[in-house]
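Printed here is target-v9.cif (mmCIF, C-alpha atoms):
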data_entry
#
loop_
_atom_site.group_PDB
_atom_site.id
_atom_site.type_symbol
_atom_site.label_atom_id
_atom_site.label_comp_id
_atom_site.auth_asym_id
_atom_site.auth_seq_id
_atom_site.Cartn_x
_atom_site.Cartn_y
_atom_site.Cartn_z
ATOM 1 C CA MET A 1 0.000 0.000 0.000
ATOM 2 C CA SER A 2 1.427 3.337 -1.025
ATOM 3 C CA ALA A 3 1.972 6.029 1.552
ATOM 4 C CA SER A 4 -0.084 9.206 1.530
ATOM 5 C CA ASP A 5 0.539 12.718 2.864
ATOM 6 C CA GLU A 6 -1.443 14.500 5.563
ATOM 7 C CA GLU A 7 -4.154 15.527 3.042
ATOM 8 C CA GLY A 8 -4.607 11.939 1.775
ATOM 9 C CA ASN A 9 -2.731 12.396 -1.488
ATOM 10 C CA PRO A 10 -0.503 9.471 -2.477
ATOM 11 C CA ARG A 11 3.214 10.014 -2.135
ATOM 12 C CA PRO A 12 5.446 8.880 -4.998
ATOM 13 C CA GLU A 13 7.599 5.898 -4.249
ATOM 14 C CA PRO A 14 11.317 6.765 -3.995
ATOM 15 C CA ASP A 15 13.671 5.282 -6.515
ATOM 16 C CA GLU A 16 15.078 2.028 -5.296
ATOM 17 C CA GLY A 17 18.471 2.508 -3.732
ATOM 18 C CA ALA A 18 18.173 6.333 -3.789
ATOM 19 C CA PRO A 19 17.431 8.679 -0.915
ATOM 20 C CA SER A 20 13.964 10.197 -0.788
ATOM 21 C CA ARG A 21 13.535 13.494 -2.600
ATOM 22 C CA LEU A 22 11.114 14.656 0.065
ATOM 23 C CA PRO A 23 12.189 16.377 3.268
ATOM 24 C CA ALA A 24 12.441 14.278 6.364
ATOM 25 C CA PRO A 25 9.472 14.430 8.714
ATOM 26 C CA HIS A 26 9.584 17.589 10.836
ATOM 27 C CA ILE A 27 11.121 16.981 14.208
ATOM 28 C CA PRO A 28 10.653 19.844 16.696
ATOM 29 C CA ASP A 29 14.059 21.337 17.621
ATOM 30 C CA ARG A 30 13.939 24.184 20.093
ATOM 31 C CA ALA A 31 17.608 25.073 19.439
ATOM 32 C CA ALA A 32 17.168 25.363 15.651
ATOM 33 C CA ALA A 33 16.269 29.063 15.749
ATOM 34 C CA GLU A 34 19.342 29.809 17.857
ATOM 35 C CA ARG A 35 21.589 27.812 15.529
ATOM 36 C CA LEU A 36 20.154 29.574 12.477
ATOM 37 C CA GLN A 37 20.722 32.968 14.086
ATOM 38 C CA ALA A 38 24.316 31.980 14.830
ATOM 39 C CA ILE A 39 24.810 31.111 11.163
ATOM 40 C CA LEU A 40 23.292 34.369 9.943
ATOM 41 C CA SER A 41 25.415 36.359 12.415
ATOM 42 C CA SER A 42 28.679 34.630 11.535
ATOM 43 C CA PRO A 43 31.271 36.747 9.630
ATOM 44 C CA SER A 44 31.625 33.839 7.211
ATOM 45 C CA TYR A 45 28.042 34.413 6.030
ATOM 46 C CA ARG A 46 28.550 38.076 5.145
ATOM 47 C CA LYS A 47 28.950 38.962 1.504
ATOM 48 C CA ALA A 48 32.577 39.788 0.806
ATOM 49 C CA ASP A 49 31.913 43.421 -0.150
ATOM 50 C CA GLU A 50 29.941 43.938 3.078
ATOM 51 C CA ASP A 51 32.452 42.231 5.371
ATOM 52 C CA PHE A 52 34.423 45.199 6.667
ATOM 53 C CA GLU A 53 36.538 43.046 8.966
ATOM 54 C CA PHE A 54 37.651 41.009 5.962
ATOM 55 C CA LEU A 55 38.193 44.113 3.812
ATOM 56 C CA SER A 56 40.393 45.575 6.562
ATOM 57 C CA SER A 57 42.536 42.467 6.852
ATOM 58 C CA ALA A 58 46.104 42.159 5.596
ATOM 59 C CA ALA A 59 44.988 39.568 3.050
ATOM 60 C CA ALA A 60 42.664 42.096 1.378
ATOM 61 C CA ARG A 61 45.329 44.791 0.941
ATOM 62 C CA GLY A 62 45.407 44.290 -2.833
ATOM 63 C CA PRO A 63 41.706 45.005 -3.389
ATOM 64 C CA ARG A 64 41.923 47.952 -0.987
ATOM 65 C CA LEU A 65 44.739 49.484 -3.030
ATOM 66 C CA GLU A 66 42.757 49.053 -6.233
ATOM 67 C CA LEU A 67 39.593 50.531 -4.743
ATOM 68 C CA GLU A 68 41.463 53.491 -3.289
ATOM 69 C CA TYR A 69 42.932 54.281 -6.684
ATOM 70 C CA LEU A 70 39.631 53.765 -8.520
ATOM 71 C CA LYS A 71 37.401 55.858 -6.268
ATOM 72 C CA ALA A 72 39.644 58.916 -6.496
ATOM 73 C CA GLU A 73 40.214 58.470 -10.228
ATOM 74 C CA LEU A 74 36.515 58.282 -11.072
ATOM 75 C CA LEU A 75 35.604 61.200 -8.826
ATOM 76 C CA LEU A 76 38.281 63.510 -10.233
ATOM 77 C CA ARG A 77 37.323 62.583 -13.785
ATOM 78 C CA ARG A 78 33.669 63.231 -13.045
ATOM 79 C CA HIS A 79 34.523 66.748 -11.875
ATOM 80 C CA GLY A 80 36.783 67.442 -14.845
ATOM 81 C CA VAL A 81 39.931 67.826 -12.748
ATOM 82 C CA THR A 82 42.596 67.150 -15.368
ATOM 83 C CA ASP A 83 45.374 69.666 -14.585
ATOM 84 C CA THR A 84 46.529 70.582 -11.104
ATOM 85 C CA ILE A 85 49.088 72.625 -9.248
ATOM 86 C CA VAL A 86 50.189 70.751 -6.155
ATOM 87 C CA VAL A 87 50.910 72.965 -3.143
ATOM 88 C CA PHE A 88 52.718 71.726 -0.060
ATOM 89 C CA GLY A 89 54.110 73.325 3.067
ATOM 90 C CA SER A 90 54.101 73.109 6.830
ATOM 91 C CA THR A 91 50.888 72.399 8.700
ATOM 92 C CA ARG A 92 52.331 74.504 11.533
ATOM 93 C CA ILE A 93 52.627 77.770 9.580
ATOM 94 C CA VAL A 94 49.310 79.435 10.386
ATOM 95 C CA GLU A 95 47.735 82.752 9.443
ATOM 96 C CA PRO A 96 49.374 85.840 10.999
ATOM 97 C CA ALA A 97 46.600 86.663 13.471
ATOM 98 C CA LEU A 98 46.666 83.153 14.935
ATOM 99 C CA ALA A 99 50.478 83.093 14.975
ATOM 100 C CA GLU A 100 50.544 86.391 16.892
ATOM 101 C CA SER A 101 47.991 85.088 19.379
ATOM 102 C CA ARG A 102 50.048 81.971 20.027
ATOM 103 C CA LEU A 103 53.194 84.056 20.361
ATOM 104 C CA ALA A 104 51.541 86.209 23.019
ATOM 105 C CA GLU A 105 50.544 83.069 24.954
ATOM 106 C CA ALA A 106 54.064 81.634 24.705
ATOM 107 C CA GLN A 107 55.555 84.964 25.801
ATOM 108 C CA ALA A 108 53.264 85.131 28.840
ATOM 109 C CA LEU A 109 54.168 81.576 29.890
ATOM 110 C CA ALA A 110 57.883 82.218 29.441
ATOM 111 C CA ASN A 111 57.665 85.457 31.430
ATOM 112 C CA SER A 112 55.945 83.681 34.315
ATOM 113 C CA ASN A 113 58.594 80.925 34.364
ATOM 114 C CA PRO A 114 61.856 82.654 33.376
ATOM 115 C CA GLY A 115 64.049 79.656 34.222
ATOM 116 C CA ASP A 116 62.077 77.070 32.252
ATOM 117 C CA ALA A 117 64.166 75.970 29.247
ATOM 118 C CA THR A 118 61.244 74.178 27.628
ATOM 119 C CA LEU A 119 59.072 77.297 27.678
ATOM 120 C CA SER A 120 61.966 79.375 26.351
ATOM 121 C CA ALA A 121 62.362 76.949 23.445
ATOM 122 C CA ARG A 122 58.629 77.103 22.721
ATOM 123 C CA LEU A 123 58.795 80.886 22.720
ATOM 124 C CA ALA A 124 61.643 80.812 20.194
ATOM 125 C CA VAL A 125 59.616 78.532 17.905
ATOM 126 C CA ALA A 126 56.524 80.732 18.287
ATOM 127 C CA LYS A 127 58.587 83.733 17.186
ATOM 128 C CA ARG A 128 59.786 81.876 14.073
ATOM 129 C CA ILE A 129 56.260 80.738 13.238
ATOM 130 C CA CYS A 130 55.094 84.323 13.583
ATOM 131 C CA VAL A 131 57.774 85.499 11.156
ATOM 132 C CA ASN A 132 56.994 82.664 8.725
ATOM 133 C CA SER A 133 53.251 83.281 8.864
ATOM 134 C CA ARG A 134 53.784 85.592 5.886
ATOM 135 C CA TYR A 135 54.031 82.411 3.819
ATOM 136 C CA TYR A 136 50.430 81.640 4.743
ATOM 137 C CA GLU A 137 49.356 84.865 3.082
ATOM 138 C CA ILE A 138 51.552 84.170 0.040
ATOM 139 C CA ALA A 139 49.991 80.700 -0.371
ATOM 140 C CA ARG A 140 46.533 82.185 0.059
ATOM 141 C CA GLU A 141 47.210 84.814 -2.612
ATOM 142 C CA PHE A 142 48.654 82.202 -4.949
ATOM 143 C CA GLY A 143 45.577 79.989 -4.523
ATOM 144 C CA ALA A 144 43.449 82.981 -5.458
ATOM 145 C CA LEU A 145 45.508 83.616 -8.615
ATOM 146 C CA VAL A 146 45.094 80.030 -9.789
ATOM 147 C CA GLY A 147 41.429 79.970 -8.819
ATOM 148 C CA ALA A 148 40.743 83.216 -10.663
ATOM 149 C CA ALA A 149 42.415 81.849 -13.809
ATOM 150 C CA ARG A 150 40.167 78.786 -13.588
ATOM 151 C CA GLU A 151 36.988 80.786 -13.030
ATOM 152 C CA SER A 152 37.738 83.339 -15.739
ATOM 153 C CA GLY A 153 38.252 80.648 -18.350
ATOM 154 C CA ASP A 154 41.936 81.504 -18.815
ATOM 155 C CA GLN A 155 42.902 78.120 -17.343
ATOM 156 C CA PRO A 156 39.537 76.336 -17.010
ATOM 157 C CA ARG A 157 41.003 72.882 -16.333
ATOM 158 C CA LEU A 158 43.545 74.014 -13.733
ATOM 159 C CA ALA A 159 42.903 73.455 -10.027
ATOM 160 C CA ILE A 160 44.789 73.793 -6.772
ATOM 161 C CA VAL A 161 45.348 70.476 -5.006
ATOM 162 C CA THR A 162 46.817 70.122 -1.531
ATOM 163 C CA GLY A 163 47.033 67.497 1.167
ATOM 164 C CA GLY A 164 43.824 68.969 2.526
ATOM 165 C CA GLY A 165 45.264 69.737 5.952
ATOM 166 C CA PRO A 166 45.918 72.908 7.941
ATOM 167 C CA GLY A 167 48.676 75.508 7.598
ATOM 168 C CA ILE A 168 50.018 76.221 4.122
ATOM 169 C CA MET A 169 47.646 73.692 2.560
ATOM 170 C CA GLU A 170 44.686 75.457 4.125
ATOM 171 C CA ALA A 171 45.972 78.782 2.822
ATOM 172 C CA ALA A 172 46.181 77.598 -0.805
ATOM 173 C CA ASN A 173 42.733 75.989 -0.680
ATOM 174 C CA ARG A 174 41.387 79.096 1.017
ATOM 175 C CA GLY A 175 42.641 81.428 -1.684
ATOM 176 C CA ALA A 176 40.943 79.396 -4.407
ATOM 177 C CA PHE A 177 37.767 79.116 -2.339
ATOM 178 C CA GLU A 178 37.599 82.873 -1.808
ATOM 179 C CA VAL A 179 37.418 83.537 -5.559
ATOM 180 C CA GLY A 180 34.741 80.884 -6.044
ATOM 181 C CA ALA A 181 36.919 78.165 -7.590
ATOM 182 C CA GLU A 182 36.747 74.445 -6.916
ATOM 183 C CA THR A 183 39.759 73.232 -4.979
ATOM 184 C CA VAL A 184 40.962 69.720 -4.158
ATOM 185 C CA GLY A 185 42.203 68.161 -0.920
ATOM 186 C CA LEU A 186 43.749 64.689 -0.706
ATOM 187 C CA ASN A 187 43.640 63.989 3.012
ATOM 188 C CA ILE A 188 45.048 60.899 4.702
ATOM 189 C CA THR A 189 44.157 58.838 7.741
ATOM 190 C CA LEU A 190 46.776 59.206 10.477
ATOM 191 C CA PRO A 191 47.097 57.748 13.993
ATOM 192 C CA HIS A 192 46.375 61.250 15.292
ATOM 193 C CA GLU A 193 43.452 62.150 13.069
ATOM 194 C CA GLN A 194 43.971 65.203 10.869
ATOM 195 C CA LEU A 195 40.724 66.815 9.842
ATOM 196 C CA PRO A 196 40.543 68.437 6.399
ATOM 197 C CA ASN A 197 40.521 72.203 6.245
ATOM 198 C CA SER A 198 37.110 73.737 5.594
ATOM 199 C CA TYR A 199 38.086 75.447 2.326
ATOM 200 C CA VAL A 200 38.305 72.272 0.236
ATOM 201 C CA THR A 201 35.345 71.752 -2.100
ATOM 202 C CA PRO A 202 33.293 69.072 -0.246
ATOM 203 C CA SER A 203 32.837 66.850 -3.305
ATOM 204 C CA LEU A 204 36.593 67.073 -4.029
ATOM 205 C CA CYS A 205 37.884 66.173 -0.566
ATOM 206 C CA LEU A 206 39.161 62.606 -0.581
ATOM 207 C CA ARG A 207 40.585 60.572 2.271
ATOM 208 C CA PHE A 208 43.302 57.998 1.665
ATOM 209 C CA ARG A 209 44.557 55.099 3.705
ATOM 210 C CA TYR A 210 47.821 54.654 1.794
ATOM 211 C CA PHE A 211 50.454 57.314 1.195
ATOM 212 C CA ALA A 212 51.456 55.530 -2.020
ATOM 213 C CA LEU A 213 48.024 55.932 -3.640
ATOM 214 C CA ARG A 214 47.745 59.497 -2.422
ATOM 215 C CA LYS A 215 51.127 60.305 -3.950
ATOM 216 C CA MET A 216 50.057 58.733 -7.227
ATOM 217 C CA HIS A 217 46.994 60.957 -7.430
ATOM 218 C CA PHE A 218 49.057 64.036 -6.602
ATOM 219 C CA MET A 219 51.322 63.288 -9.543
ATOM 220 C CA LEU A 220 48.919 61.960 -12.195
ATOM 221 C CA ARG A 221 47.482 65.397 -12.991
ATOM 222 C CA ALA A 222 50.268 67.650 -11.686
ATOM 223 C CA ARG A 223 51.409 70.409 -13.995
ATOM 224 C CA ALA A 224 53.522 72.108 -11.319
ATOM 225 C CA LEU A 225 54.666 71.622 -7.728
ATOM 226 C CA VAL A 226 54.939 74.572 -5.348
ATOM 227 C CA ALA A 227 56.794 73.830 -2.105
ATOM 228 C CA PHE A 228 56.563 76.322 0.738
ATOM 229 C CA PRO A 229 58.715 75.984 3.871
ATOM 230 C CA GLY A 230 57.816 72.729 5.564
ATOM 231 C CA GLY A 231 59.025 69.598 7.282
ATOM 232 C CA PHE A 232 59.280 65.908 6.467
ATOM 233 C CA GLY A 233 55.990 65.708 4.551
ATOM 234 C CA THR A 234 56.905 68.644 2.331
ATOM 235 C CA PHE A 235 60.380 67.225 1.748
ATOM 236 C CA ASP A 236 58.854 63.863 0.896
ATOM 237 C CA GLU A 237 56.669 65.303 -1.858
ATOM 238 C CA LEU A 238 59.386 67.641 -3.134
ATOM 239 C CA PHE A 239 62.124 65.041 -3.425
ATOM 240 C CA GLU A 240 59.805 62.438 -4.904
ATOM 241 C CA THR A 241 58.839 64.918 -7.637
ATOM 242 C CA LEU A 242 62.477 65.901 -8.247
ATOM 243 C CA THR A 243 63.409 62.221 -8.507
ATOM 244 C CA LEU A 244 60.593 61.408 -10.945
ATOM 245 C CA VAL A 245 61.554 64.304 -13.202
ATOM 246 C CA GLN A 246 65.303 63.656 -12.883
ATOM 247 C CA THR A 247 64.914 59.997 -13.842
ATOM 248 C CA GLY A 248 62.482 60.710 -16.668
ATOM 249 C CA LYS A 249 59.598 58.796 -15.116
ATOM 250 C CA VAL A 250 57.480 61.886 -15.698
ATOM 251 C CA LYS A 251 57.948 64.717 -18.131
ATOM 252 C CA PRO A 252 59.414 67.960 -16.781
ATOM 253 C CA MET A 253 57.250 70.429 -14.872
ATOM 254 C CA PRO A 254 57.929 73.673 -13.011
ATOM 255 C CA ILE A 255 59.038 72.980 -9.448
ATOM 256 C CA ILE A 256 58.990 76.159 -7.374
ATOM 257 C CA LEU A 257 60.590 76.514 -3.926
ATOM 258 C CA VAL A 258 59.070 79.467 -2.086
ATOM 259 C CA GLY A 259 61.464 81.280 0.254
ATOM 260 C CA GLU A 260 65.026 81.023 -1.050
ATOM 261 C CA ASN A 261 66.665 81.706 2.326
ATOM 262 C CA TYR A 262 64.731 78.851 3.942
ATOM 263 C CA TRP A 263 65.374 76.363 1.177
ATOM 264 C CA ARG A 264 69.071 77.139 0.808
ATOM 265 C CA ARG A 265 69.551 76.267 4.464
ATOM 266 C CA ALA A 266 67.242 73.260 4.444
ATOM 267 C CA PHE A 267 68.431 71.852 1.107
ATOM 268 C CA ASP A 268 72.047 72.600 0.201
ATOM 269 C CA VAL A 269 72.067 71.791 -3.507
ATOM 270 C CA ASP A 270 75.535 73.302 -3.952
ATOM 271 C CA PHE A 271 76.910 70.793 -1.436
ATOM 272 C CA LEU A 272 75.355 67.945 -3.442
ATOM 273 C CA LEU A 273 76.989 69.296 -6.589
ATOM 274 C CA GLU A 274 80.376 69.577 -4.884
ATOM 275 C CA GLU A 275 80.085 66.011 -3.614
ATOM 276 C CA GLY A 276 79.320 64.800 -7.119
ATOM 277 C CA VAL A 277 76.062 63.072 -6.187
ATOM 278 C CA ILE A 278 73.980 65.101 -8.646
ATOM 279 C CA GLU A 279 74.751 66.573 -12.073
ATOM 280 C CA PRO A 280 74.985 70.334 -12.760
ATOM 281 C CA HIS A 281 71.836 70.232 -14.893
ATOM 282 C CA ASP A 282 69.901 68.764 -11.940
ATOM 283 C CA ARG A 283 70.182 72.194 -10.353
ATOM 284 C CA LEU A 284 67.910 73.450 -13.127
ATOM 285 C CA LEU A 285 65.045 71.189 -12.075
ATOM 286 C CA PHE A 286 63.687 73.824 -9.680
ATOM 287 C CA ARG A 287 63.529 77.573 -9.160
ATOM 288 C CA TYR A 288 63.067 79.904 -6.200
ATOM 289 C CA ALA A 289 60.268 82.442 -5.756
ATOM 290 C CA GLU A 290 59.300 84.930 -3.050
ATOM 291 C CA THR A 291 55.804 86.161 -3.891
ATOM 292 C CA ALA A 292 52.558 84.705 -5.187
ATOM 293 C CA HIS A 293 52.934 86.744 -8.370
ATOM 294 C CA ASP A 294 56.469 85.389 -8.892
ATOM 295 C CA ILE A 295 55.245 81.789 -8.516
ATOM 296 C CA TRP A 296 52.365 82.268 -10.959
ATOM 297 C CA GLN A 297 54.461 84.086 -13.544
ATOM 298 C CA GLU A 298 57.182 81.432 -13.390
ATOM 299 C CA ILE A 299 54.629 78.675 -13.991
ATOM 300 C CA ARG A 300 53.008 80.579 -16.858
ATOM 301 C CA ARG A 301 56.369 81.316 -18.496
ATOM 302 C CA TRP A 302 57.373 77.677 -18.168
ATOM 303 C CA GLY A 303 54.088 76.639 -19.771
ATOM 304 C CA GLU A 304 54.627 78.998 -22.706
ATOM 305 C CA ARG A 305 58.103 77.575 -23.280
ATOM 306 C CA ASN A 306 56.980 73.955 -22.940
ATOM 307 C CA ALA A 307 53.391 73.925 -24.147
ATOM 308 C CA ASN A 308 53.790 70.421 -25.600
ATOM 309 C CA LEU A 309 54.965 68.819 -22.367
ATOM 310 C CA LEU A 310 52.227 66.973 -20.528
ATOM 311 C CA PHE A 311 52.293 64.152 -18.045
ATOM 312 C CA GLU A 312 52.836 60.568 -19.114
ATOM 313 C CA GLU A 313 49.918 58.316 -18.236
#
Would you kindly transcribe this structure into structure tokens?
Amino acid sequence: MSASDEEGNPRPEPDEGAPSRLPAPHIPDRAAAERLQAILSSPSYRKADEDFEFLSSAAARGPRLELEYLKAELLLRRHGVTDTIVVFGSTRIVEPALAESRLAEAQALANSNPGDATLSARLAVAKRICVNSRYYEIAREFGALVGAARESGDQPRLAIVTGGGPGIMEAANRGAFEVGAETVGLNITLPHEQLPNSYVTPSLCLRFRYFALRKMHFMLRARALVAFPGGFGTFDELFETLTLVQTGKVKPMPIILVGENYWRRAFDVDFLLEEGVIEPHDRLLFRYAETAHDIWQEIRRWGERNANLLFEE
């Protein structure tokens, strides 16, 4: 006699020697719901592109690098950012009013503790920052010159790009912002979080995890590099650019060092020549400038002389 289901319908006989194609009779299992929830909650069940723990792992570094490149590339293309002037300089060189305020605070502390060597050293630094705050205004004026050229249609594809941070980078972004131009900031995640400055165009402020990918995007569209007085980060970008041009990995571009007195002390190119570690023509890879107008005119003159030189892809 053939078996029937609960509604009296006959059940098909299973093939001989084969397991039944029908589910096994339901057996109440109070722990089933808990086990199912454990499965659904397990990281192994997450889709790969939604598993942030996996995407943050060392094994997924390759895809992260690719995604970091691709996101920035597509966004910059979408906004028509094809030619940039990269501006770098110290995050610690602030606008004059703020520098003077900090100097007054340092002076008051030093006066109240005349024997404190640490406070005396801080006062000396505050005085230097106050003197160097003029570079903030130069960077701000230069950003405005580039921004105005973009907005007027003289250089419609040209944009200021910085590391997106405070100090000199803020000043350059600020200058472009104040004349209504779009301006780019390529920020980076650091152990001590550095917020972007507020003058970067919101849709053109990117945050990177890897210095290498950030550097790549600085260079891919760069038509000039302007280096204001700065520390290790500024030196890093400057010497990388000099090396790429020197070795022919990229075509030449104007490289402007702002503040000849600072740079001659910080970077003794004549010593390198005397030691024979660079060639005399390497000295021609960069020029000095003192004012925003000087920087802009030097870049424009270079462009007129080398109109056919664009970046290699």
Query raised in the report: What does the PyMOL selection byres ((chain A and resi 218) around 10) select in this file, as a PyMOL selection string?
Result: chain A and resi 84-87+161-163+185-186+212-217+219-222+225+237+241
Query raised in the report: Selected by the PyMOL selection byres ((chain A and resi 270-285) around 12) in the shown coordinates: which residues, as a ChimeraX atom specification?
Result: /A:224-225,238-239,241-248,251-257,263-269,286-288,302
Report task. Take the PyMOL selection byres ((chain A and resi 139) around 7), apply it to the structure above, and return the hits as a ChimeraX atom specification. Result -> /A:135-138,140-143,168,171-172,292
For the interface of region 162-278 of chain A with region 88-105 of chain A (cut-off 7 Å, counting all atoms listed in the file), please tabulate each contacting residue of region 162-278 of chain A alongside its nearest pair of atoms and their separation in Å to one decimal, rows sorted by chain and increasing number, as CSV.
residue,atom,partner,partner_atom,distance
A:Thr162,CA,A:Phe88,CA,6.3
A:Gly165,CA,A:Thr91,CA,6.8
A:Pro166,CA,A:Thr91,CA,5.1
A:Gly167,CA,A:Thr91,CA,4.0
A:Ile168,CA,A:Gly89,CA,5.1
A:Met169,CA,A:Phe88,CA,6.0
A:Val226,CA,A:Phe88,CA,6.4
A:Ala227,CA,A:Phe88,CA,5.0
A:Phe228,CA,A:Gly89,CA,4.5
A:Pro229,CA,A:Gly89,CA,5.4
A:Gly230,CA,A:Ser90,CA,3.9
A:Gly231,CA,A:Ser90,CA,6.1
A:Thr234,CA,A:Gly89,CA,5.5
Query raised in the report: Around (42.7, 67.4, -13.3) in the file's frame, which residues reach within 8 Å when counting all atoms listed in the file? Return as number ranges by chain?
Result: A: 76-77, 80-84, 157-159, 221-222
Query raised in the report: Quick one, how far is CA of Glu66 (chain A) from CA of Pro191 (chain A)?
Result: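 Computing the Euclidean distance for CA of Glu66 (chain A) and CA of Pro191 (chain A) yields 22.4 Å.
Here the question is which of A:Ala124, A:Leu206, A:Leu74, A:Leu145 gets nearest to Arg300 (chain A) using all atoms listed in the file, and that residue is A:Leu145.
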Query raised in the report: Please, what distance in Å, to one decimal, runs between CA of Ala126 (chain A) and CA of Ala108 (chain A)?
Result: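 Between CA of Ala126 (chain A) and CA of Ala108 (chain A) the gap works out to 11.9 Å.
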Query - Pick from A:Gly259, A:Gly115, A:Gly164, A:Pro156 nearest to Arg207 (chain A), counting all atoms listed in the file - result: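 For Arg207 (chain A), the nearest of the given residues is A:Gly164.
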Requested in this report: Measure the distance from CA of Asn132 (chain A) to CA of Tyr262 (chain A) in Å and round it to one decimal.
Outcome: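 CA of Tyr262 (chain A) lies at a distance of 9.9 Å from CA of Asn132 (chain A).
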